[in-house]
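Note: the block below is upload21.csv and it holds CSV, C-alpha atoms.
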chain,number,residue,atom,x,y,z
I,1,MET,CA,68.3,52.8,85.1
I,2,SER,CA,69.6,55.2,87.6
I,3,TYR,CA,72.5,57.4,88.9
I,4,GLN,CA,73.9,57.0,92.4
I,5,VAL,CA,74.7,60.2,94.2
I,6,ASN,CA,75.6,60.4,97.9
I,7,GLY,CA,73.6,57.2,98.5
I,8,HIS,CA,70.5,58.5,96.6
I,9,THR,CA,69.2,56.7,93.6
I,10,ILE,CA,68.1,59.0,90.8
I,11,GLU,CA,66.1,57.5,87.9
I,12,HIS,CA,66.9,58.3,84.3
I,13,ASP,CA,65.5,57.3,80.9
I,14,GLU,CA,67.3,55.0,78.4
I,15,GLU,CA,69.3,58.0,77.1
I,16,GLY,CA,70.4,59.2,80.5
I,17,TYR,CA,68.0,62.2,80.9
I,18,ILE,CA,66.7,62.3,84.5
I,19,THR,CA,63.1,61.4,84.9
I,20,ASN,CA,62.2,63.9,87.7
I,21,LEU,CA,63.6,67.3,87.1
I,22,SER,CA,63.5,68.2,90.8
I,23,ASP,CA,66.1,65.4,91.5
I,24,TRP,CA,68.9,67.6,90.1
I,25,SER,CA,71.8,68.7,92.1
I,26,LYS,CA,75.4,69.9,91.4
I,27,GLU,CA,76.7,66.5,92.5
I,28,LEU,CA,74.4,64.8,90.2
I,29,ALA,CA,75.5,67.0,87.3
I,30,ASP,CA,79.1,65.9,88.0
I,31,GLU,CA,78.0,62.3,87.9
I,32,ILE,CA,76.1,62.7,84.6
I,33,ALA,CA,79.1,64.5,83.1
I,34,LYS,CA,81.3,61.6,84.0
I,35,THR,CA,79.1,59.2,82.0
I,36,GLU,CA,79.5,61.7,79.1
I,37,ASN,CA,83.3,61.7,79.6
I,38,ILE,CA,83.2,65.4,80.5
I,39,GLU,CA,85.3,66.9,83.3
I,40,MET,CA,83.2,69.8,84.5
I,41,ASN,CA,85.1,73.2,84.6
I,42,ASP,CA,83.8,76.8,84.9
I,43,GLU,CA,83.1,77.0,81.2
I,44,HIS,CA,80.9,73.9,81.3
I,45,TRP,CA,79.1,75.2,84.4
I,46,GLU,CA,78.5,78.6,82.7
I,47,VAL,CA,76.5,76.8,79.9
I,48,VAL,CA,74.7,74.4,82.3
I,49,ASN,CA,73.6,77.3,84.5
I,50,PHE,CA,72.5,79.3,81.5
I,51,LEU,CA,70.4,76.3,80.3
I,52,ARG,CA,68.8,75.9,83.7
I,53,GLU,CA,67.9,79.6,83.8
I,54,TYR,CA,66.5,79.4,80.2
I,55,TYR,CA,64.4,76.4,81.2
I,56,ASP,CA,63.2,78.2,84.3
I,57,GLU,CA,62.0,81.2,82.2
I,58,TYR,CA,60.6,79.4,79.1
I,59,GLN,CA,59.9,75.9,80.3
I,60,ILE,CA,61.7,74.5,77.3
I,61,ALA,CA,65.2,73.0,76.5
I,62,PRO,CA,66.3,75.0,73.5
I,63,ALA,CA,67.4,73.5,70.2
I,64,VAL,CA,71.2,73.8,69.6
I,65,ARG,CA,70.8,76.6,67.1
I,66,VAL,CA,68.7,78.6,69.5
I,67,LEU,CA,71.0,77.8,72.4
I,68,ILE,CA,74.1,79.1,70.6
I,69,LYS,CA,72.3,82.2,69.5
I,70,ALA,CA,71.1,82.9,73.1
I,71,ILE,CA,74.6,82.3,74.5
I,72,LYS,CA,76.0,84.7,71.9
I,73,LYS,CA,73.5,87.3,73.0
I,74,SER,CA,74.2,86.8,76.7
I,75,MET,CA,78.0,86.1,76.8
I,76,GLY,CA,79.2,87.5,73.4
I,77,PRO,CA,80.4,85.9,70.2
I,78,ASP,CA,83.6,84.4,71.7
I,79,LYS,CA,81.4,81.9,73.5
I,80,GLY,CA,78.2,82.0,71.3
I,81,ASN,CA,79.7,80.0,68.4
I,82,ASN,CA,79.7,76.4,67.2
I,83,LYS,CA,83.4,75.8,67.7
I,84,TYR,CA,83.5,76.9,71.4
I,85,MET,CA,80.3,75.0,72.2
I,86,TYR,CA,81.3,71.8,70.5
I,87,GLU,CA,84.7,71.9,72.2
I,88,LEU,CA,83.0,72.0,75.5
I,89,PHE,CA,80.3,69.4,74.6
I,90,PRO,CA,81.7,67.3,71.7
I,91,TYR,CA,78.5,65.2,71.3
I,92,GLY,CA,76.2,68.1,70.9
I,93,PRO,CA,76.0,71.2,73.2
I,94,ALA,CA,72.2,71.1,73.6
I,95,LYS,CA,72.0,67.3,74.0
I,96,GLN,CA,74.9,66.9,76.5
I,97,ALA,CA,74.5,70.1,78.4
I,98,CYS,CA,70.8,69.6,78.8
I,99,LYS,CA,71.4,66.1,80.1
I,100,ILE,CA,73.9,67.4,82.7
I,101,ALA,CA,71.6,70.3,83.6
I,102,GLY,CA,68.9,67.8,84.4
I,103,LEU,CA,66.6,69.1,81.6
I,104,PRO,CA,64.5,67.0,79.2
I,105,LYS,CA,66.0,66.3,75.8
I,106,PRO,CA,65.7,69.4,73.6
I,107,THR,CA,62.5,69.4,71.5
I,108,GLY,CA,63.1,68.3,67.9
I,109,CYS,CA,66.4,66.7,68.8
I,110,VAL,CA,66.7,63.1,67.5
D,1,MET,CA,67.9,75.5,48.8
D,2,SER,CA,64.3,74.5,48.5
D,3,ASP,CA,61.4,76.9,48.2
D,4,ILE,CA,60.1,78.4,51.4
D,5,LYS,CA,56.5,77.6,52.1
D,6,LYS,CA,54.1,79.5,54.3
D,7,PHE,CA,52.9,77.4,57.2
D,8,LEU,CA,50.0,78.4,59.5
D,9,TYR,CA,49.3,76.5,62.7
D,10,VAL,CA,45.7,77.1,63.7
D,11,ASN,CA,45.0,76.7,67.4
D,12,ARG,CA,41.3,76.6,68.3
D,13,ARG,CA,41.2,74.8,71.7
D,14,ALA,CA,41.8,75.6,75.3
D,15,PRO,CA,45.4,75.0,76.5
D,16,TYR,CA,44.6,72.2,79.0
D,17,GLY,CA,42.1,69.4,79.1
D,18,THR,CA,43.2,68.0,75.8
D,19,ILE,CA,46.7,67.5,74.4
D,20,TYR,CA,46.1,69.5,71.2
D,21,ALA,CA,47.6,72.8,72.4
D,22,LEU,CA,50.8,71.3,73.7
D,23,GLU,CA,51.2,69.1,70.6
D,24,SER,CA,50.7,72.1,68.4
D,25,LEU,CA,53.5,73.9,70.2
D,26,GLU,CA,55.8,70.9,70.0
D,27,VAL,CA,55.2,70.6,66.2
D,28,VAL,CA,55.9,74.4,65.8
D,29,LEU,CA,59.2,73.9,67.7
D,30,ILE,CA,60.2,70.9,65.6
D,31,GLY,CA,59.1,72.5,62.4
D,32,ALA,CA,61.0,75.7,63.2
D,33,ALA,CA,64.2,73.8,62.3
D,34,PHE,CA,63.2,73.7,58.7
D,35,ASP,CA,63.5,77.4,57.9
D,36,GLN,CA,59.9,77.9,56.7
D,37,ASP,CA,57.7,81.0,57.0
D,38,VAL,CA,55.7,80.1,60.1
D,39,SER,CA,52.7,81.9,61.5
D,40,LEU,CA,50.4,80.9,64.4
D,41,ALA,CA,46.7,81.6,64.5
D,42,PHE,CA,44.6,81.6,67.7
D,43,LEU,CA,40.8,81.6,67.5
D,44,ASP,CA,37.8,80.2,69.4
D,45,ASP,CA,39.0,78.8,72.7
D,46,GLY,CA,42.5,78.8,71.3
D,47,VAL,CA,42.8,82.4,72.5
D,48,PHE,CA,43.0,81.1,76.1
D,49,GLN,CA,46.4,79.6,75.2
D,50,LEU,CA,48.0,83.1,75.3
D,51,THR,CA,46.4,84.5,78.4
D,52,LYS,CA,48.7,85.7,81.1
D,53,GLY,CA,48.9,84.4,84.7
D,54,GLN,CA,48.2,80.8,83.9
D,55,ASN,CA,48.6,78.5,86.9
D,56,THR,CA,48.3,74.7,86.5
D,57,ASP,CA,49.2,73.7,90.0
D,58,GLY,CA,45.7,72.4,90.7
D,59,ILE,CA,45.6,70.1,87.6
D,60,GLY,CA,49.0,68.5,87.8
D,61,VAL,CA,50.2,69.4,84.3
D,62,LYS,CA,53.0,71.6,83.1
D,63,ASN,CA,52.2,75.3,82.5
D,64,PHE,CA,53.7,75.6,79.0
D,65,SER,CA,52.5,79.1,78.3
D,66,PRO,CA,56.0,80.7,79.0
D,67,THR,CA,57.3,78.7,76.0
D,68,PHE,CA,55.4,80.9,73.6
D,69,ARG,CA,57.8,83.7,74.7
D,70,ALA,CA,60.7,81.6,73.5
D,71,LEU,CA,59.4,81.3,69.9
D,72,GLY,CA,61.0,84.5,68.8
D,73,ASP,CA,64.3,82.8,69.3
D,74,TYR,CA,63.0,80.2,66.8
D,75,GLU,CA,62.1,82.9,64.3
D,76,VAL,CA,58.4,82.4,64.9
D,77,THR,CA,57.3,85.9,65.1
D,78,LYS,CA,53.7,86.1,63.8
D,79,PHE,CA,50.9,85.3,66.3
D,80,TYR,CA,47.5,86.2,64.8
D,81,VAL,CA,44.8,86.4,67.4
D,82,GLU,CA,41.2,86.8,66.3
D,83,ARG,CA,39.5,89.9,67.8
D,84,GLU,CA,36.0,88.4,67.7
D,85,SER,CA,37.1,85.2,69.6
D,86,LEU,CA,38.6,87.4,72.3
D,87,ALA,CA,35.5,89.5,72.6
D,88,GLU,CA,33.1,86.5,72.7
D,89,ARG,CA,35.1,85.3,75.7
D,90,GLY,CA,35.2,88.7,77.5
D,91,LEU,CA,38.9,89.1,76.8
D,92,THR,CA,41.0,91.9,75.3
D,93,GLU,CA,44.6,92.1,74.2
D,94,ALA,CA,45.5,93.3,77.7
D,95,ASP,CA,44.6,89.8,79.0
D,96,LEU,CA,47.3,88.2,76.8
D,97,GLN,CA,50.9,87.8,77.8
D,98,GLU,CA,53.4,90.0,76.2
D,99,ILE,CA,55.3,88.2,73.5
D,100,THR,CA,58.1,89.9,71.6
D,101,TYR,CA,60.8,89.1,69.1
D,102,GLU,CA,64.0,90.9,68.0
D,103,ASP,CA,63.9,92.1,64.4
D,104,GLU,CA,67.2,91.1,62.8
D,105,ASP,CA,66.6,93.5,59.9
D,106,ASP,CA,65.9,96.5,62.2
D,107,ASP,CA,69.0,96.5,64.5
D,108,TRP,CA,67.5,93.8,66.8
D,109,ALA,CA,64.7,96.1,67.9
D,110,GLU,CA,62.2,94.4,70.2
D,111,LYS,CA,58.8,94.1,68.5
D,112,PRO,CA,55.4,92.6,69.6
D,113,SER,CA,54.7,89.1,68.1
D,114,ILE,CA,50.9,89.2,68.8
D,115,ARG,CA,48.7,90.9,66.2
D,116,VAL,CA,45.0,91.0,66.9
D,117,VAL,CA,43.1,90.8,63.6
D,118,GLY,CA,39.4,90.8,62.7
D,119,ARG,CA,37.7,87.7,61.3
D,120,ASP,CA,37.8,88.9,57.7
D,121,GLU,CA,41.6,89.5,58.0
D,122,MET,CA,42.0,86.1,59.6
D,123,ALA,CA,40.2,84.5,56.6
D,124,ALA,CA,42.5,86.3,54.2
D,125,ILE,CA,45.6,85.2,56.2
D,126,MET,CA,44.5,81.6,56.0
D,127,ALA,CA,43.8,81.8,52.3
D,128,ASP,CA,47.3,83.1,51.8
D,129,GLN,CA,49.0,80.0,53.2
D,130,ASP,CA,50.6,77.0,51.5
D,131,VAL,CA,50.1,74.7,54.4
D,132,VAL,CA,47.5,75.0,57.2
D,133,LEU,CA,47.7,72.7,60.2
D,134,SER,CA,44.8,72.7,62.5
D,135,PHE,CA,44.9,71.7,66.2
In structure tokens, what does this structure look like?
Amino acid sequence: MSYQVNGHTIEHDEEGYITNLSDWSKELADEIAKTENIEMNDEHWEVVNFLREYYDEYQIAPAVRVLIKAIKKSMGPDKGNNKYMYELFPYGPAKQACKIAGLPKPTGCV
Amino acid sequence: MSDIKKFLYVNRRAPYGTIYALESLEVVLIGAAFDQDVSLAFLDDGVFQLTKGQNTDGIGVKNFSPTFRALGDYEVTKFYVERESLAERGLTEADLQEITYEDEDDDWAEKPSIRVVGRDEMAAIMADQDVVLSF
């Protein structure tokens, strides 16, 4: 199973999370988003970039509760709430945004 | 709402070489979703899990030590480290990475998560738990 970006083949697991984290690129993110029926805009990117920074610092993809709390702390309550985050990523902010960000599936996420 | 139980995760092994330390951390992260009273204990070689400046490039595994610093976000804020175990390995608290949490009940003040305790106190902490999981 794989994504195709600019002629490159990028492997992913049965749920669509990429196998090798260093394969990630912005073009790939757009491609993964398409398979999730998400049209990436600035708001989506803000969350995806936040997640990548979080992973870089803590080596972990946060659970949804923790992600929303961290967004609230960093970007304020207008964005750090369930409604806003689920509007951006209807099938689960942590799950979908992590997939697009090229991170592993959040720990504890079924 | 069900009763909150006191869970203690006991870490006695070095971070790499076996899967125990990483598995313990994963279980803590999963368990944190259940709103229990969670503490971690580090003794014997387990104290090496918290040392700063870990570099795993040479052994081809992920350095998961930064993840301990995220546990405050999961409301895991009690890291008990046994003083005697540190001393027996030539370590002091200064060799451990700084791990903090924000205290919701104290205007989100940043506080240290690591508490170095003596062997007697560690025994008392263990005796006080509802559930002890050993790794």
Contacts of Lys105 (chain I) at 10 Å (all atoms listed in the file; same-chain gap of 6+ positions) as a PyMOL selection string: chain I and resi 15-18+60-63+94-99
CA of Asn49 (chain I) to CA of Val5 (chain I), straight-line distance in Å: 19.7 Å
Interatomic distance, CA of Lys78 (chain D) to CA of Tyr55 (chain I) (Å, one decimal): 22.6 Å
Using only C-alpha atoms: which of D:Glu102, D:Asp3, D:Asp73, D:Asp37 has the shortest distance to chain I: D:Asp73
8 Å contacts from chain I to chain D using only C-alpha atoms, as a PyMOL selection string: chain I and resi 57-60+66+70+107-108
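Computed from the coordinates, the CA of Glu93 (chain D) to CA of Ala127 (chain D) distance equals 24.2 Å.
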Could you add whatever atoms are missing so that region 4-25 of chain I carries N, CA and C atoms, then write the result as a PDB file, keeping the file's coordinate frame?
ATOM      1  N   GLN I   4      73.736  57.096  90.913  1.00  0.00           N
ATOM      2  CA  GLN I   4      73.900  57.000  92.400  1.00  0.00           C
ATOM      3  C   GLN I   4      74.668  58.251  92.833  1.00  0.00           C
ATOM      4  N   VAL I   5      74.048  59.061  93.698  1.00  0.00           N
ATOM      5  CA  VAL I   5      74.700  60.200  94.200  1.00  0.00           C
ATOM      6  C   VAL I   5      74.510  60.299  95.739  1.00  0.00           C
ATOM      7  N   ASN I   6      75.608  60.304  96.480  1.00  0.00           N
ATOM      8  CA  ASN I   6      75.600  60.400  97.900  1.00  0.00           C
ATOM      9  C   ASN I   6      74.529  59.398  98.538  1.00  0.00           C
ATOM     10  N   GLY I   7      74.517  58.198  98.007  1.00  0.00           N
ATOM     11  CA  GLY I   7      73.600  57.200  98.500  1.00  0.00           C
ATOM     12  C   GLY I   7      72.180  57.313  98.028  1.00  0.00           C
ATOM     13  N   HIS I   8      71.892  58.331  97.198  1.00  0.00           N
ATOM     14  CA  HIS I   8      70.500  58.500  96.600  1.00  0.00           C
ATOM     15  C   HIS I   8      70.522  57.831  95.232  1.00  0.00           C
ATOM     16  N   THR I   9      69.392  57.251  94.912  1.00  0.00           N
ATOM     17  CA  THR I   9      69.200  56.700  93.600  1.00  0.00           C
ATOM     18  C   THR I   9      68.341  57.619  92.767  1.00  0.00           C
ATOM     19  N   ILE I  10      68.842  58.022  91.591  1.00  0.00           N
ATOM     20  CA  ILE I  10      68.100  59.000  90.800  1.00  0.00           C
ATOM     21  C   ILE I  10      67.814  58.332  89.405  1.00  0.00           C
ATOM     22  N   GLU I  11      66.525  58.182  89.125  1.00  0.00           N
ATOM     23  CA  GLU I  11      66.100  57.500  87.900  1.00  0.00           C
ATOM     24  C   GLU I  11      66.392  58.308  86.661  1.00  0.00           C
ATOM     25  N   HIS I  12      66.761  57.618  85.582  1.00  0.00           N
ATOM     26  CA  HIS I  12      66.900  58.300  84.300  1.00  0.00           C
ATOM     27  C   HIS I  12      66.318  57.432  83.181  1.00  0.00           C
ATOM     28  N   ASP I  13      66.091  58.041  82.022  1.00  0.00           N
ATOM     29  CA  ASP I  13      65.500  57.300  80.900  1.00  0.00           C
ATOM     30  C   ASP I  13      66.645  56.540  80.158  1.00  0.00           C
ATOM     31  N   GLU I  14      66.282  55.895  79.051  1.00  0.00           N
ATOM     32  CA  GLU I  14      67.300  55.000  78.400  1.00  0.00           C
ATOM     33  C   GLU I  14      68.419  55.827  77.765  1.00  0.00           C
ATOM     34  N   GLU I  15      68.248  57.160  77.656  1.00  0.00           N
ATOM     35  CA  GLU I  15      69.300  58.000  77.100  1.00  0.00           C
ATOM     36  C   GLU I  15      70.109  58.739  78.171  1.00  0.00           C
ATOM     37  N   GLY I  16      69.688  58.597  79.421  1.00  0.00           N
ATOM     38  CA  GLY I  16      70.400  59.200  80.500  1.00  0.00           C
ATOM     39  C   GLY I  16      69.839  60.543  81.012  1.00  0.00           C
ATOM     40  N   TYR I  17      68.692  60.978  80.443  1.00  0.00           N
ATOM     41  CA  TYR I  17      68.000  62.200  80.900  1.00  0.00           C
ATOM     42  C   TYR I  17      67.253  61.837  82.203  1.00  0.00           C
ATOM     43  N   ILE I  18      67.402  62.630  83.267  1.00  0.00           N
ATOM     44  CA  ILE I  18      66.700  62.300  84.500  1.00  0.00           C
ATOM     45  C   ILE I  18      65.218  62.387  84.370  1.00  0.00           C
ATOM     46  N   THR I  19      64.517  61.519  85.084  1.00  0.00           N
ATOM     47  CA  THR I  19      63.100  61.400  84.900  1.00  0.00           C
ATOM     48  C   THR I  19      62.356  62.539  85.676  1.00  0.00           C
ATOM     49  N   ASN I  20      62.863  62.854  86.860  1.00  0.00           N
ATOM     50  CA  ASN I  20      62.200  63.900  87.700  1.00  0.00           C
ATOM     51  C   ASN I  20      63.135  65.065  87.820  1.00  0.00           C
ATOM     52  N   LEU I  21      62.739  66.175  87.192  1.00  0.00           N
ATOM     53  CA  LEU I  21      63.600  67.300  87.100  1.00  0.00           C
ATOM     54  C   LEU I  21      64.059  67.878  88.444  1.00  0.00           C
ATOM     55  N   SER I  22      63.215  67.670  89.461  1.00  0.00           N
ATOM     56  CA  SER I  22      63.500  68.200  90.800  1.00  0.00           C
ATOM     57  C   SER I  22      64.601  67.384  91.501  1.00  0.00           C
ATOM     58  N   ASP I  23      64.995  66.251  90.920  1.00  0.00           N
ATOM     59  CA  ASP I  23      66.100  65.400  91.500  1.00  0.00           C
ATOM     60  C   ASP I  23      67.453  66.031  91.313  1.00  0.00           C
ATOM     61  N   TRP I  24      67.547  67.068  90.500  1.00  0.00           N
ATOM     62  CA  TRP I  24      68.900  67.600  90.100  1.00  0.00           C
ATOM     63  C   TRP I  24      69.642  68.201  91.247  1.00  0.00           C
ATOM     64  N   SER I  25      70.944  67.996  91.216  1.00  0.00           N
ATOM     65  CA  SER I  25      71.800  68.700  92.100  1.00  0.00           C
ATOM     66  C   SER I  25      73.177  68.841  91.435  1.00  0.00           C
TER      67      SER I  25
END
